[in-house]
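What follows is one structure encoded as structure tokens, with my remarks underneath.
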Amino acid sequence: MTDRPARLVVLVSGSGTNLQALLDACADPAYGARVVAVGADRDDIEGLVRAERAGVPTFVKQVGHFTSREHWDRALTDTVAAFEPDLVVLAGFMKLVGAQFLERFDGRVVNTHPALSPSFPGMHGPADALAYGVKVTGCTLFVVDAGVDTGAIVAQRAVPVEDDDTVESLHERIKVAERGMLVDTVGRMAREGFRVEGRRVLLGR
Ligand code: GAR
């Protein structure tokens, strides 16, 4: 990345608390990044309201509005590319991006997942961890590849599972750790740069 603030495009599908943490961090010029656009795969979500409140441009690309998944992926790719991101952050984005997207933003797309990879990939990380009975779970920030939550790991934080946890209480505890991980790590990626060597992601130049 360069000396100017890194340009972030953030994609969301829901409440957008991770997005909010990034927006708040970016309010400090020393953070080294700014959110230049927020995209979603659905209307009427709190994440889009958060972006609008912060004065950040938004866009929506719904899969159902396109004749195929490939057309959706092309439209999403072109729209994100128009904002010239240095880094694309998937923050609770509940769709798999496609081949065109990954090719265009090769190695510059990160996703936050509410489990300690490689355990419990997919849509139900907290529920799957609770059902398995693990005593420790957490969150993972990774560089997106063509798999489901399989990309090279940038950061992880551990979170204890309590005996009386529900899926909701566990997920809320994970999300507190997740927001800290996301803000700390995206800031370092923006300020210090990063490189991917095989399965390892190295921060710094
Ligand atoms: C986060 O916990 C994120 O890791 C998860 O959705 C939540 C979004 O919360 N994403 C996934 O499960 C993707 N597989 P938020 O909308 O409040 O940021």
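Residues are named by chain letter and number: chains run A, B, ... in the order of the structure tokens, numbers start at 1 in each chain, and ligands are numbered from 1 in the order shown.
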
- Could I get the residue neighbourhood of ligand 1 at 10 Å, counting only C-alpha atoms and all ligand atoms, as a ChimeraX atom specification? /A:11-22,45-47,90-96,111-115,120-126,138-141,148-149,171-179,182

Write out as a compact mmCIF listing (two decimals) with N, CA, C and O atoms, in the first residue's frame the residues lying within 12 Å of A:Gly198, counting only C-alpha atoms and excluding same-chain residues fewer than 6 positions away.
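What follows is the written file part-v7.txt:
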```
# COMPACT_ATOMS: atom_id res chain seq x y z
N GLY A 107 -5.67 -11.56 -4.19
CA GLY A 107 -4.86 -11.38 -2.98
C GLY A 107 -5.19 -10.13 -2.18
O GLY A 107 -4.51 -9.82 -1.21
N VAL A 143 -7.29 -14.20 3.79
CA VAL A 143 -7.29 -13.73 2.40
C VAL A 143 -8.16 -14.69 1.60
O VAL A 143 -7.89 -15.90 1.58
N ASP A 145 -9.86 -17.06 -0.96
CA ASP A 145 -9.53 -17.84 -2.15
C ASP A 145 -10.82 -18.49 -2.64
O ASP A 145 -11.91 -18.13 -2.19
N GLY A 151 -8.92 -19.64 2.91
CA GLY A 151 -7.77 -18.82 2.50
C GLY A 151 -6.71 -18.67 3.57
O GLY A 151 -6.92 -18.99 4.75
N ALA A 152 -5.56 -18.13 3.16
CA ALA A 152 -4.42 -17.94 4.07
C ALA A 152 -4.82 -17.00 5.21
O ALA A 152 -5.45 -15.97 5.00
N ILE A 153 -4.42 -17.38 6.41
CA ILE A 153 -4.87 -16.69 7.63
C ILE A 153 -4.02 -15.46 7.92
O ILE A 153 -2.79 -15.54 7.97
```

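Minimum atom-to-atom distances from A:Trp72, A:Phe59, A:Phe66, A:Phe142 to A:Arg108 were compared using only C-alpha atoms, and the lowest value belongs to A:Phe142.
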
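In this model, the gap between atom CA of A:Gly32 and atom CA of A:Gly187 comes to 6.4 Å.
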
- Message: What parts of stretch 10-205 of chain A does DSSP call strand (DSSP E or B)? I'd like the answer as a ChimeraX atom specification.
- Response: /A:10-12,33-40,58-60,87-90,109-113,136-143,153-160,194-197,200-203

- Message: Please list as number ranges by chain every residue within 12 Å of A:Glu103, counting only C-alpha atoms and excluding residues in the same chain fewer than 6 positions away.
- Response: A: 73-74, 77-78, 81, 97, 109, 144-146

- Can you work out which one of A:Val167, A:Leu8, A:Leu130, A:Leu203 has the shortest atom-to-atom distance to A:Val89, counting only C-alpha atoms? A:Leu8

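Taking only C-alpha atoms into account, A:Ala190 lies nearest to A:Asp86 out of the set A:Asp128, A:Glu70, A:Glu162, A:Asp86.
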
- Item | Sel. of helix (DSSP H, G or I) residues, stretch 39-148 of chain A, as number ranges by chain | A: 46-53, 63-65, 69-82, 99-104, 125-132

Write the residues of the preceding selection, restricted to N, CA, C and O atoms, as a short mmCIF file (atom, residue, chain, number, x, y, z; two decimals), in the first residue's frame.
```
data_model
loop_
_atom_site.label_atom_id
_atom_site.label_comp_id
_atom_site.auth_asym_id
_atom_site.auth_seq_id
_atom_site.Cartn_x
_atom_site.Cartn_y
_atom_site.Cartn_z
N GLU A 46 -29.18 -2.99 8.21
CA GLU A 46 -28.58 -1.98 9.08
C GLU A 46 -27.19 -1.57 8.57
O GLU A 46 -26.79 -0.41 8.71
N GLY A 47 -26.48 -2.49 7.96
CA GLY A 47 -25.15 -2.18 7.45
C GLY A 47 -25.18 -1.03 6.46
O GLY A 47 -24.30 -0.15 6.48
N LEU A 48 -26.17 -1.01 5.57
CA LEU A 48 -26.26 0.08 4.59
C LEU A 48 -26.62 1.40 5.28
O LEU A 48 -26.12 2.46 4.90
N VAL A 49 -27.49 1.32 6.29
CA VAL A 49 -27.85 2.53 7.04
C VAL A 49 -26.60 3.11 7.72
O VAL A 49 -26.39 4.33 7.73
N ARG A 50 -25.78 2.24 8.27
CA ARG A 50 -24.55 2.71 8.94
C ARG A 50 -23.65 3.45 7.95
O ARG A 50 -23.06 4.48 8.28
N ALA A 51 -23.53 2.91 6.73
CA ALA A 51 -22.70 3.56 5.71
C ALA A 51 -23.28 4.91 5.33
O ALA A 51 -22.55 5.91 5.26
N GLU A 52 -24.59 4.96 5.11
CA GLU A 52 -25.23 6.22 4.71
C GLU A 52 -25.06 7.28 5.80
O GLU A 52 -24.77 8.44 5.51
N ARG A 53 -25.21 6.83 7.06
CA ARG A 53 -25.03 7.76 8.18
C ARG A 53 -23.61 8.34 8.20
O ARG A 53 -23.40 9.48 8.61
N VAL A 63 -28.28 -11.20 -6.07
CA VAL A 63 -28.10 -12.33 -7.00
C VAL A 63 -29.37 -12.53 -7.84
O VAL A 63 -29.29 -12.74 -9.05
N GLY A 64 -30.54 -12.43 -7.19
CA GLY A 64 -31.80 -12.70 -7.86
C GLY A 64 -32.15 -11.73 -8.98
O GLY A 64 -33.05 -12.00 -9.78
N HIS A 65 -31.45 -10.61 -9.04
CA HIS A 65 -31.71 -9.62 -10.09
C HIS A 65 -30.90 -9.89 -11.35
O HIS A 65 -31.00 -9.12 -12.31
N ARG A 69 -25.35 -16.52 -11.82
CA ARG A 69 -24.38 -16.17 -10.77
C ARG A 69 -23.16 -15.46 -11.39
O ARG A 69 -22.59 -14.55 -10.80
N GLU A 70 -22.80 -15.88 -12.63
CA GLU A 70 -21.66 -15.25 -13.30
C GLU A 70 -21.94 -13.79 -13.62
O GLU A 70 -21.07 -12.94 -13.49
N HIS A 71 -23.18 -13.49 -14.07
CA HIS A 71 -23.53 -12.09 -14.36
C HIS A 71 -23.50 -11.25 -13.09
O HIS A 71 -23.07 -10.10 -13.10
N TRP A 72 -24.01 -11.85 -12.01
CA TRP A 72 -23.96 -11.14 -10.72
C TRP A 72 -22.51 -10.85 -10.32
O TRP A 72 -22.17 -9.73 -9.93
N ASP A 73 -21.67 -11.85 -10.47
CA ASP A 73 -20.27 -11.70 -10.09
C ASP A 73 -19.60 -10.62 -10.93
O ASP A 73 -18.81 -9.81 -10.42
N ARG A 74 -19.93 -10.57 -12.22
CA ARG A 74 -19.35 -9.54 -13.10
C ARG A 74 -19.79 -8.15 -12.66
O ARG A 74 -18.99 -7.22 -12.57
N ALA A 75 -21.10 -8.01 -12.38
CA ALA A 75 -21.62 -6.70 -11.96
C ALA A 75 -21.00 -6.26 -10.63
O ALA A 75 -20.61 -5.10 -10.46
N LEU A 76 -20.90 -7.21 -9.70
CA LEU A 76 -20.29 -6.89 -8.40
C LEU A 76 -18.83 -6.48 -8.59
O LEU A 76 -18.36 -5.48 -8.02
N THR A 77 -18.14 -7.22 -9.41
CA THR A 77 -16.72 -6.94 -9.67
C THR A 77 -16.54 -5.55 -10.27
O THR A 77 -15.71 -4.76 -9.81
N ASP A 78 -17.33 -5.24 -11.30
CA ASP A 78 -17.19 -3.95 -11.98
C ASP A 78 -17.54 -2.79 -11.03
O ASP A 78 -16.88 -1.75 -11.05
N THR A 79 -18.57 -2.98 -10.23
CA THR A 79 -18.97 -1.91 -9.31
C THR A 79 -17.90 -1.67 -8.26
O THR A 79 -17.53 -0.52 -7.98
N VAL A 80 -17.39 -2.74 -7.67
CA VAL A 80 -16.33 -2.58 -6.66
C VAL A 80 -15.09 -1.96 -7.31
O VAL A 80 -14.48 -1.04 -6.75
N ALA A 81 -14.75 -2.41 -8.51
CA ALA A 81 -13.53 -1.92 -9.18
C ALA A 81 -13.61 -0.42 -9.44
O ALA A 81 -12.58 0.28 -9.39
N ALA A 82 -14.81 0.09 -9.70
CA ALA A 82 -14.97 1.52 -9.99
C ALA A 82 -14.54 2.38 -8.80
O ALA A 82 -14.18 3.55 -8.97
N ALA A 99 -15.28 -16.22 -9.49
CA ALA A 99 -13.94 -16.28 -10.08
C ALA A 99 -13.50 -14.93 -10.64
O ALA A 99 -12.33 -14.55 -10.51
N GLN A 100 -14.42 -14.20 -11.26
CA GLN A 100 -14.03 -12.90 -11.83
C GLN A 100 -13.61 -11.92 -10.73
O GLN A 100 -12.64 -11.18 -10.88
N PHE A 101 -14.37 -11.95 -9.65
CA PHE A 101 -14.06 -11.07 -8.52
C PHE A 101 -12.67 -11.38 -7.96
O PHE A 101 -11.86 -10.48 -7.75
N LEU A 102 -12.41 -12.66 -7.76
CA LEU A 102 -11.12 -13.05 -7.18
C LEU A 102 -9.97 -12.74 -8.12
O LEU A 102 -8.87 -12.36 -7.69
N GLU A 103 -10.22 -12.88 -9.43
CA GLU A 103 -9.16 -12.58 -10.40
C GLU A 103 -8.83 -11.09 -10.41
O GLU A 103 -7.68 -10.69 -10.41
N ARG A 104 -9.89 -10.25 -10.35
CA ARG A 104 -9.69 -8.80 -10.43
C ARG A 104 -8.97 -8.27 -9.19
O ARG A 104 -8.12 -7.39 -9.27
N GLY A 125 -20.70 -20.80 11.90
CA GLY A 125 -19.52 -21.03 12.73
C GLY A 125 -19.82 -21.14 14.22
O GLY A 125 -19.43 -22.13 14.86
N PRO A 126 -20.52 -20.16 14.82
CA PRO A 126 -20.79 -20.26 16.26
C PRO A 126 -21.67 -21.45 16.62
O PRO A 126 -21.41 -22.15 17.60
N ALA A 127 -22.71 -21.72 15.85
CA ALA A 127 -23.61 -22.85 16.13
C ALA A 127 -22.86 -24.18 16.00
O ALA A 127 -23.04 -25.09 16.84
N ASP A 128 -22.01 -24.29 14.99
CA ASP A 128 -21.27 -25.54 14.78
C ASP A 128 -20.26 -25.77 15.91
O ASP A 128 -20.07 -26.91 16.36
N ALA A 129 -19.62 -24.69 16.37
CA ALA A 129 -18.66 -24.82 17.48
C ALA A 129 -19.38 -25.25 18.75
O ALA A 129 -18.91 -26.14 19.49
N LEU A 130 -20.54 -24.65 19.01
CA LEU A 130 -21.32 -24.99 20.21
C LEU A 130 -21.79 -26.44 20.14
O LEU A 130 -21.67 -27.20 21.12
N ALA A 131 -22.28 -26.86 18.98
CA ALA A 131 -22.77 -28.23 18.83
C ALA A 131 -21.65 -29.25 18.99
O ALA A 131 -21.87 -30.35 19.52
N TYR A 132 -20.45 -28.89 18.56
CA TYR A 132 -19.32 -29.81 18.68
C TYR A 132 -18.84 -29.94 20.12
O TYR A 132 -18.27 -30.96 20.52
#
```

- Message: Can you pull out the residues contacting A:Arg191? Cut-off 8 Å, using only C-alpha atoms, and skip same-chain residues under 2 positions away; I want them as a PyMOL selection string.
- Response: chain A and resi 1+3+6+31-33+187-189+193

- In terms of only C-alpha atoms, the residue from A:Val154, A:Val60, A:Val186, A:Val36 at minimal distance from A:Val10 is A:Val36

- Message: Please compute the atom CA of A:Ala25-atom CA of A:Gly204 distance, one decimal, in Å.
- Response: 19.8 Å

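Proximity to A:Val35 at 7 Å, evaluated using only C-alpha atoms and with sequence-adjacent residues fewer than 6 positions away removed, yields A:Arg7, A:Leu8, A:Val9, A:Leu23.
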
Go ahead and dump the residues you just picked, N, CA, C and O atoms, as an mmCIF file, in the first residue's frame.
```
data_model
loop_
_atom_site.group_PDB
_atom_site.id
_atom_site.type_symbol
_atom_site.label_atom_id
_atom_site.label_comp_id
_atom_site.auth_asym_id
_atom_site.auth_seq_id
_atom_site.Cartn_x
_atom_site.Cartn_y
_atom_site.Cartn_z
ATOM 1 N N ARG A 7 -7.591 2.617 0.358
ATOM 2 C CA ARG A 7 -9.010 2.688 -0.004
ATOM 3 C C ARG A 7 -9.658 1.335 0.270
ATOM 4 O O ARG A 7 -9.261 0.316 -0.306
ATOM 5 N N LEU A 8 -10.655 1.333 1.160
ATOM 6 C CA LEU A 8 -11.364 0.100 1.520
ATOM 7 C C LEU A 8 -12.749 0.098 0.894
ATOM 8 O O LEU A 8 -13.484 1.083 1.016
ATOM 9 N N VAL A 9 -13.118 -0.995 0.250
ATOM 10 C CA VAL A 9 -14.519 -1.249 -0.081
ATOM 11 C C VAL A 9 -14.966 -2.387 0.827
ATOM 12 O O VAL A 9 -14.295 -3.427 0.901
ATOM 13 N N LEU A 23 -15.533 1.948 10.253
ATOM 14 C CA LEU A 23 -15.879 3.357 10.012
ATOM 15 C C LEU A 23 -15.370 4.229 11.162
ATOM 16 O O LEU A 23 -14.810 5.304 10.934
#
```

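Using only C-alpha atoms, the shortest contact distance between A:Val88 and any of A:Val134, A:Val159, A:Ala37, A:Val56 is found at A:Ala37.
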